[in-house]
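**Q** Structure: upload08.tsv, TSV, C-alpha atoms.
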```tsv
chain	number	residue	atom	x	y	z
A	1	MET	CA	-18.70	-13.18	-4.45
A	2	ALA	CA	-15.43	-14.05	-6.17
A	3	ASP	CA	-15.31	-17.38	-8.00
A	4	ALA	CA	-12.87	-19.50	-6.03
A	5	SER	CA	-12.26	-21.68	-9.10
A	6	LYS	CA	-10.54	-18.74	-10.83
A	7	SER	CA	-7.98	-18.42	-8.06
A	8	ASN	CA	-7.77	-22.16	-7.39
A	9	PRO	CA	-7.81	-24.26	-10.58
A	10	GLN	CA	-9.20	-27.31	-8.75
A	11	GLY	CA	-12.31	-25.30	-7.86
A	12	VAL	CA	-12.22	-26.43	-4.22
A	13	GLU	CA	-10.20	-24.53	-1.65
A	14	ARG	CA	-7.79	-26.61	0.37
A	15	LEU	CA	-7.61	-25.15	3.87
A	16	GLY	CA	-4.71	-24.98	6.30
A	17	TYR	CA	-4.47	-23.67	9.86
A	18	LEU	CA	-1.20	-22.69	11.45
A	19	GLY	CA	-1.05	-22.03	15.22
A	20	LEU	CA	-3.36	-24.11	17.39
A	21	GLY	CA	-3.44	-22.18	20.65
A	22	LEU	CA	-6.34	-20.72	22.65
A	23	MET	CA	-7.95	-19.32	19.49
A	24	GLY	CA	-6.58	-21.52	16.71
A	25	ALA	CA	-7.71	-24.86	18.10
A	26	PRO	CA	-11.42	-23.99	18.54
A	27	MET	CA	-11.46	-22.13	15.23
A	28	THR	CA	-10.04	-25.18	13.46
A	29	ARG	CA	-12.64	-27.36	15.15
A	30	ARG	CA	-15.38	-25.16	13.73
A	31	LEU	CA	-13.97	-25.60	10.22
A	32	LEU	CA	-13.91	-29.36	10.72
A	33	LYS	CA	-17.49	-29.38	12.06
A	34	ALA	CA	-18.56	-27.40	8.98
A	35	GLY	CA	-17.29	-30.29	6.85
A	36	HIS	CA	-14.03	-28.77	5.61
A	37	GLN	CA	-10.82	-30.72	5.34
A	38	VAL	CA	-8.11	-28.83	7.21
A	39	ASN	CA	-4.35	-29.32	7.19
A	40	VAL	CA	-2.80	-28.22	10.50
A	41	TRP	CA	0.60	-27.38	11.95
A	42	ASN	CA	1.68	-26.19	15.37
A	43	ARG	CA	5.03	-25.76	17.06
A	44	SER	CA	4.06	-28.11	19.93
A	45	GLU	CA	2.91	-31.53	18.78
A	46	GLY	CA	0.44	-32.11	21.62
A	47	LYS	CA	-2.02	-29.55	20.28
A	48	VAL	CA	-1.85	-31.10	16.81
A	49	ALA	CA	-2.73	-34.61	17.99
A	50	ALA	CA	-6.14	-33.66	19.37
A	51	LEU	CA	-7.16	-32.00	16.10
A	52	VAL	CA	-5.85	-34.88	13.99
A	53	GLU	CA	-8.06	-37.12	16.10
A	54	ALA	CA	-10.96	-34.80	15.23
A	55	GLY	CA	-10.27	-35.23	11.50
A	56	ALA	CA	-7.57	-32.73	10.58
A	57	ARG	CA	-4.47	-33.70	8.62
A	58	ARG	CA	-1.02	-33.11	10.10
A	59	ALA	CA	1.54	-31.08	8.13
A	60	ALA	CA	5.22	-31.64	8.91
A	61	ALA	CA	6.18	-27.95	8.64
A	62	PRO	CA	4.74	-24.58	7.56
A	63	ARG	CA	6.23	-25.21	4.11
A	64	ASP	CA	4.22	-28.44	3.81
A	65	LEU	CA	1.10	-26.59	4.89
A	66	MET	CA	1.64	-24.08	2.07
A	67	GLU	CA	2.17	-26.84	-0.46
A	68	SER	CA	-1.00	-28.69	0.54
A	69	SER	CA	-3.32	-25.68	1.03
A	70	SER	CA	-4.69	-22.86	-1.09
A	71	ILE	CA	-5.86	-20.77	1.89
A	72	ILE	CA	-3.86	-20.78	5.12
A	73	PHE	CA	-5.34	-19.35	8.30
A	74	MET	CA	-2.86	-18.38	10.98
A	75	CYS	CA	-3.08	-17.31	14.61
A	76	VAL	CA	0.18	-17.01	16.55
A	77	THR	CA	1.43	-14.98	19.50
A	78	ASP	CA	3.10	-11.92	18.00
A	79	ALA	CA	4.98	-10.48	15.02
A	80	ALA	CA	8.14	-12.44	15.87
A	81	ALA	CA	6.16	-15.69	15.74
A	82	VAL	CA	4.59	-14.66	12.42
A	83	GLU	CA	8.05	-13.85	11.06
A	84	GLU	CA	9.35	-17.27	12.12
A	85	VAL	CA	6.59	-19.36	10.52
A	86	ILE	CA	6.63	-17.32	7.32
A	87	PHE	CA	10.34	-16.72	6.74
A	88	GLY	CA	12.09	-19.19	9.03
A	89	PRO	CA	13.59	-22.53	7.92
A	90	ASP	CA	10.86	-24.56	6.19
A	91	GLY	CA	8.61	-21.49	6.48
A	92	VAL	CA	5.60	-20.72	4.34
A	93	SER	CA	7.67	-18.47	2.06
A	94	THR	CA	9.87	-21.41	0.95
A	95	ALA	CA	6.99	-23.04	-0.96
A	96	PRO	CA	5.35	-21.73	-4.16
A	97	GLY	CA	2.50	-19.38	-3.27
A	98	ALA	CA	1.07	-17.91	-6.48
A	99	GLY	CA	-2.73	-17.88	-6.29
A	100	LYS	CA	-2.69	-18.74	-2.58
A	101	LEU	CA	-3.68	-16.64	0.43
A	102	ILE	CA	-2.47	-16.20	3.99
A	103	VAL	CA	-5.18	-15.01	6.39
A	104	ASP	CA	-3.45	-13.81	9.56
A	105	PHE	CA	-5.71	-13.74	12.62
A	106	SER	CA	-2.79	-12.69	14.85
A	107	SER	CA	-2.74	-9.22	16.42
A	108	ILE	CA	0.43	-7.43	15.31
A	109	HIS	CA	1.57	-3.90	14.48
A	110	PRO	CA	-0.03	-2.54	11.28
A	111	ASP	CA	3.43	-1.70	9.92
A	112	ALA	CA	4.53	-5.28	10.51
A	113	ALA	CA	1.50	-6.59	8.61
A	114	ARG	CA	2.28	-4.38	5.62
A	115	ASP	CA	5.95	-5.38	5.68
A	116	LEU	CA	5.24	-9.11	5.96
A	117	ALA	CA	2.65	-8.98	3.17
A	118	ALA	CA	5.04	-7.21	0.78
A	119	ARG	CA	7.94	-9.53	1.57
A	120	LEU	CA	5.84	-12.67	1.15
A	121	LYS	CA	4.45	-11.46	-2.18
A	122	ALA	CA	8.02	-10.85	-3.36
A	123	ALA	CA	9.23	-14.21	-2.03
A	124	ASN	CA	6.63	-16.59	-3.45
A	125	GLY	CA	3.68	-14.63	-4.85
A	126	ALA	CA	1.17	-15.41	-2.08
A	127	GLY	CA	-1.47	-12.85	-1.07
A	128	TRP	CA	-2.08	-11.58	2.46
A	129	ILE	CA	-5.11	-10.63	4.51
A	130	ASP	CA	-4.58	-9.19	7.99
A	131	ALA	CA	-7.66	-10.29	9.90
A	132	PRO	CA	-7.34	-9.93	13.68
A	133	VAL	CA	-10.24	-11.18	15.74
A	134	SER	CA	-12.29	-10.04	18.71
A	135	GLY	CA	-14.45	-12.18	20.98
A	136	GLY	CA	-11.94	-14.23	22.92
A	137	THR	CA	-11.93	-17.97	23.43
A	138	LYS	CA	-15.69	-18.01	24.04
A	139	GLY	CA	-16.27	-16.40	20.64
A	140	ALA	CA	-13.87	-18.84	19.00
A	141	GLU	CA	-15.69	-21.83	20.48
A	142	GLU	CA	-19.16	-20.51	19.62
A	143	GLY	CA	-18.31	-19.07	16.20
A	144	THR	CA	-19.35	-15.56	17.23
A	145	LEU	CA	-16.07	-13.75	16.59
A	146	ALA	CA	-15.90	-10.33	14.95
A	147	ILE	CA	-13.09	-10.20	12.39
A	148	MET	CA	-11.77	-6.96	10.94
A	149	ALA	CA	-9.73	-7.28	7.77
A	150	GLY	CA	-7.24	-5.46	5.59
A	151	GLY	CA	-6.54	-6.56	2.02
A	152	GLU	CA	-8.05	-6.84	-1.44
A	153	ALA	CA	-11.83	-6.99	-1.73
A	154	ALA	CA	-11.73	-10.02	-4.07
A	155	ASP	CA	-9.53	-11.91	-1.62
A	156	ILE	CA	-11.90	-11.12	1.24
A	157	GLU	CA	-14.84	-12.54	-0.71
A	158	ARG	CA	-12.83	-15.63	-1.59
A	159	VAL	CA	-12.23	-16.47	2.08
A	160	ARG	CA	-15.55	-15.20	3.44
A	161	PRO	CA	-17.50	-18.52	3.40
A	162	TYR	CA	-14.73	-20.25	5.34
A	163	VAL	CA	-14.20	-17.40	7.79
A	164	LEU	CA	-17.92	-17.31	8.54
A	165	ALA	CA	-17.70	-20.92	9.67
A	166	MET	CA	-15.53	-19.52	12.48
A	167	ALA	CA	-16.98	-16.04	13.02
A	168	ARG	CA	-20.20	-14.07	13.00
A	169	ARG	CA	-18.79	-11.08	11.14
A	170	LEU	CA	-16.02	-10.33	8.63
A	171	THR	CA	-15.59	-6.66	7.71
A	172	LEU	CA	-13.16	-5.27	5.13
A	173	MET	CA	-11.74	-2.08	6.63
A	174	GLY	CA	-9.30	-1.08	3.89
A	175	PRO	CA	-5.93	-2.09	2.43
A	176	THR	CA	-3.33	-4.25	4.16
A	177	GLY	CA	-2.79	-3.09	7.74
A	178	ALA	CA	-6.31	-1.68	8.14
A	179	GLY	CA	-7.49	-4.78	9.96
A	180	GLN	CA	-4.69	-4.46	12.50
A	181	THR	CA	-5.43	-0.76	13.02
A	182	THR	CA	-9.10	-1.57	13.61
A	183	LYS	CA	-8.09	-4.22	16.16
A	184	LEU	CA	-6.10	-1.56	18.02
A	185	CYS	CA	-9.26	0.54	18.23
A	186	ASN	CA	-11.02	-2.54	19.56
A	187	GLN	CA	-8.32	-3.07	22.18
A	188	VAL	CA	-8.53	0.55	23.35
A	189	ILE	CA	-12.18	-0.13	24.15
A	190	VAL	CA	-11.74	-3.63	25.57
A	191	GLY	CA	-8.61	-2.88	27.60
A	192	CYS	CA	-10.17	0.20	29.15
A	193	ALA	CA	-13.43	-1.71	29.75
A	194	MET	CA	-11.58	-4.43	31.66
A	195	ALA	CA	-9.88	-1.83	33.84
A	196	VAL	CA	-13.09	0.15	34.45
A	197	LEU	CA	-15.22	-2.93	35.14
A	198	ALA	CA	-12.61	-4.17	37.61
A	199	GLU	CA	-12.86	-0.80	39.36
A	200	ALA	CA	-16.66	-0.80	39.44
A	201	THR	CA	-16.78	-4.40	40.65
A	202	ARG	CA	-14.30	-3.70	43.45
A	203	LEU	CA	-16.32	-0.65	44.52
A	204	ALA	CA	-19.45	-2.79	44.73
A	205	VAL	CA	-17.70	-5.45	46.81
A	206	ASN	CA	-16.00	-2.96	49.14
A	207	ALA	CA	-19.26	-1.02	49.64
A	208	GLY	CA	-21.07	-4.19	50.65
A	209	ILE	CA	-23.48	-4.70	47.75
A	210	ASP	CA	-23.89	-7.94	45.80
A	211	ALA	CA	-21.51	-7.52	42.86
A	212	HIS	CA	-22.92	-10.70	41.30
A	213	ARG	CA	-26.07	-8.72	40.54
A	214	LEU	CA	-24.40	-5.82	38.74
A	215	PRO	CA	-24.96	-7.28	35.25
A	216	GLU	CA	-28.65	-7.86	36.05
A	217	ALA	CA	-29.12	-4.45	37.65
A	218	LEU	CA	-27.44	-2.53	34.82
A	219	ALA	CA	-28.87	-4.55	31.91
A	220	GLY	CA	-30.53	-2.29	29.36
A	221	GLY	CA	-29.07	0.91	30.78
A	222	PHE	CA	-26.26	3.02	29.38
A	223	ALA	CA	-23.66	0.96	31.27
A	224	ASP	CA	-24.81	-2.33	29.75
A	225	SER	CA	-22.46	-4.10	27.32
A	226	ILE	CA	-21.17	-7.52	26.36
A	227	PRO	CA	-18.04	-6.93	28.50
A	228	LEU	CA	-20.21	-6.04	31.52
A	229	GLN	CA	-22.27	-9.20	31.16
A	230	LEU	CA	-19.28	-11.46	30.49
A	231	PHE	CA	-16.42	-10.00	32.53
A	232	VAL	CA	-18.02	-9.04	35.84
A	233	PRO	CA	-19.32	-12.52	36.78
A	234	ARG	CA	-15.91	-14.01	35.98
A	235	MET	CA	-14.16	-11.38	38.09
A	236	VAL	CA	-16.49	-11.83	41.07
A	237	GLN	CA	-16.38	-15.63	40.96
A	238	GLY	CA	-12.68	-15.85	40.19
A	239	ILE	CA	-13.21	-17.79	36.96
A	240	HIS	CA	-9.97	-17.54	35.01
A	241	SER	CA	-9.62	-20.92	33.33
A	242	PRO	CA	-9.70	-21.13	30.44
A	243	PRO	CA	-8.56	-17.52	30.17
A	244	LEU	CA	-10.49	-15.16	27.92
A	245	GLY	CA	-7.07	-13.81	26.95
A	246	HIS	CA	-3.65	-13.47	28.49
A	247	ILE	CA	-2.41	-10.37	30.30
A	248	ALA	CA	0.66	-10.33	28.05
A	249	THR	CA	-1.50	-10.25	24.92
A	250	MET	CA	-3.56	-7.28	26.09
A	251	LEU	CA	-0.41	-5.45	27.18
A	252	LYS	CA	1.23	-6.10	23.81
A	253	ASP	CA	-1.76	-4.61	22.01
A	254	LEU	CA	-2.00	-1.56	24.28
A	255	ASP	CA	1.73	-0.94	23.83
A	256	THR	CA	1.13	-1.04	20.06
A	257	VAL	CA	-1.72	1.44	20.51
A	258	ALA	CA	0.72	3.78	22.28
A	259	ASP	CA	3.23	3.45	19.44
A	260	VAL	CA	0.71	4.12	16.67
A	261	ALA	CA	-0.77	6.97	18.71
A	262	GLN	CA	2.66	8.58	18.94
A	263	THR	CA	3.31	8.33	15.20
A	264	THR	CA	-0.16	9.70	14.38
A	265	SER	CA	-0.17	12.42	17.07
A	266	THR	CA	-3.23	10.88	18.70
A	267	PRO	CA	-3.88	11.47	22.41
A	268	VAL	CA	-4.75	8.20	24.17
A	269	PRO	CA	-4.74	9.00	27.91
A	270	MET	CA	-7.23	6.28	28.87
A	271	ALA	CA	-5.52	3.54	26.84
A	272	SER	CA	-2.17	4.61	28.26
A	273	LEU	CA	-3.48	4.26	31.81
A	274	ALA	CA	-4.99	0.87	31.00
A	275	GLY	CA	-1.62	-0.19	29.59
A	276	GLN	CA	0.14	0.70	32.82
A	277	LEU	CA	-2.48	-1.18	34.87
A	278	PHE	CA	-1.92	-4.27	32.75
A	279	ARG	CA	1.83	-3.83	33.20
A	280	LEU	CA	1.22	-3.92	36.95
A	281	ALA	CA	-1.00	-6.97	36.50
A	282	LYS	CA	1.73	-8.72	34.54
A	283	ALA	CA	4.20	-8.10	37.36
A	284	ALA	CA	1.72	-9.21	40.02
A	285	ARG	CA	-0.09	-12.10	38.33
A	286	GLY	CA	2.24	-13.22	35.51
A	287	ALA	CA	2.24	-12.80	31.74
A	288	ASP	CA	0.12	-15.89	31.07
A	289	ALA	CA	-2.58	-15.06	33.63
A	290	ASP	CA	-6.10	-14.27	32.44
A	291	ALA	CA	-6.43	-10.59	31.55
A	292	LEU	CA	-9.43	-10.36	33.89
A	293	GLU	CA	-7.09	-10.90	36.82
A	294	ILE	CA	-6.55	-7.15	36.59
A	295	TYR	CA	-9.43	-7.20	39.11
A	296	LYS	CA	-7.10	-8.79	41.67
A	297	LEU	CA	-4.80	-5.77	41.68
A	298	SER	CA	-7.20	-4.02	44.04
A	299	ALA	CA	-7.87	-7.01	46.28
A	300	PRO	CA	-7.35	-6.27	50.01
A	301	GLU	CA	-4.48	-8.00	51.74
A	302	ARG	CA	-5.43	-11.10	53.68
```
For the structure just supplied, provide its representation as structure tokens.

**A**
Amino acid sequence: MADASKSNPQGVERLGYLGLGLMGAPMTRRLLKAGHQVNVWNRSEGKVAALVEAGARRAAAPRDLMESSSIIFMCVTDAAAVEEVIFGPDGVSTAPGAGKLIVDFSSIHPDAARDLAARLKAANGAGWIDAPVSGGTKGAEEGTLAIMAGGEAADIERVRPYVLAMARRLTLMGPTGAGQTTKLCNQVIVGCAMAVLAEATRLAVNAGIDAHRLPEALAGGFADSIPLQLFVPRMVQGIHSPPLGHIATMLKDLDTVADVAQTTSTPVPMASLAGQLFRLAKAARGADADALEIYKLSAPER
């Protein structure tokens, strides 16, 4: 493991977290519970207050977060939001960054990750790890997330002990952008699984069998999976708060899959269909609805 004291002269990493939404807030809480001091910033003040009450320190702006932290974790909505907090007024790039690291948990286009990393390095010398996550809000709360990363091996080892306070697994997949590409592979599987499980669950309900028992009945067979065990009960019972993820987020990722697939000449017929189903779900249920409300697309009229 890399010696953190070589990259941080004080020998103790000073942590920051930027973006305190569905994922960022519970991940920050896990850092605090592990005994780490964490500086925090969020666009809306209400989300900051609860974490300050839990022991975090408030930063006035992303620039202040960069000045007071040696490792900054970040989880925001999309590439535009990343761009804003990094290069906007009082953004991270306006503070000295040599020897410091940004760990971006956001899910963005691999090309955007590479571009942002290069521009930040040129602007203030900070390093970049693209580290999108999988496991949803439940994984964030329980510390069971899977995190796939792109960046330098030494940087990954430097952040590993802190990341593993928030996640079960951190895997280096290659250079910058590789983490985002791996997340797209993840979203092909998860997006299609949501669509297929919604279909299977609706078939069970319409055919008159107890859909609540599908996870029990299929456990241990070839159809068994974490999505089966987690998603189907929520679909059947209509549990959508807090959401496991928003429809708009899944659609964004599947649209990115389609773009990367086009540039790499990769056929993705199943992911493309899932993307269109989520586009329908967005129109019917709203962008901020739980992604599992895709199940409601096939609900009979009342």

**Q** Find the residues around segment 107-114 of chain A up to 12 Å (all atoms listed in the file counted), leave out those fewer than 5 positions away in its own chain, and share them as a VMD selection string.

**A** chain A and resid 23 74 to 83 86 102 119 to 121 127 to 134 147 to 151 174 to 187 249 to 261 263

**Q** Tell me which residues come within 10 Å of (-11.8, -9.0, 0.0), as number ranges by chain, counting all atoms listed in the file in the file's coordinates.

**A** A: 1-2, 129, 149-160, 170-175

**Q** Between A:Gly245, A:Pro161, A:Gly191, A:Pro233, which one has atoms that come closest to Leu273 of chain A, using only C-alpha atoms?

**A**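 Looking at the shortest contact to Leu273 of chain A, the residue is A:Gly191.
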
**Q** Using only C-alpha atoms, can you tell me which of A:Met235, A:Ala223, A:Leu214, A:Ala195 comes closest to Phe278 of chain A?

**A**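 Under the stated criterion, the closest residue is A:Ala195.
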
**Q** Can you tell me how far atom CA of Cys192 of chain A sits from atom CA of Met270 of chain A, in Å to one decimal?

**A** 6.8 Å

**Q** May I ask for the distance between atom CA of Gly55 of chain A and atom CA of Ala25 of chain A, given in Å to one decimal place?

**A**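 A separation of 12.6 Å between them.
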
**Q** Using only C-alpha atoms, which of A:Val163, A:Leu292, A:Leu280, A:Ile226 sits nearest Ile71 of chain A?

**A**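 Going through A:Val163, A:Leu292, A:Leu280, A:Ile226 one by one, the smallest distance to Ile71 of chain A is for A:Val163.
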
**Q** Just the number, please: distance in Å from atom CA of Lys33 of chain A to atom CA of Met166 of chain A, one decimal.

**A**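 Taking atom CA of Lys33 of chain A and atom CA of Met166 of chain A, their separation equals 10.1 Å.
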
**Q** May I have the residues within 10 Å of Ala299 of chain A as a list of chain:residue names, using all atoms listed in the file and disregarding those fewer than 5 positions away in the same chain?

**A**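 Close residues of Ala299 of chain A: A:Arg202, A:Val205, A:Asn206, A:Ile294.
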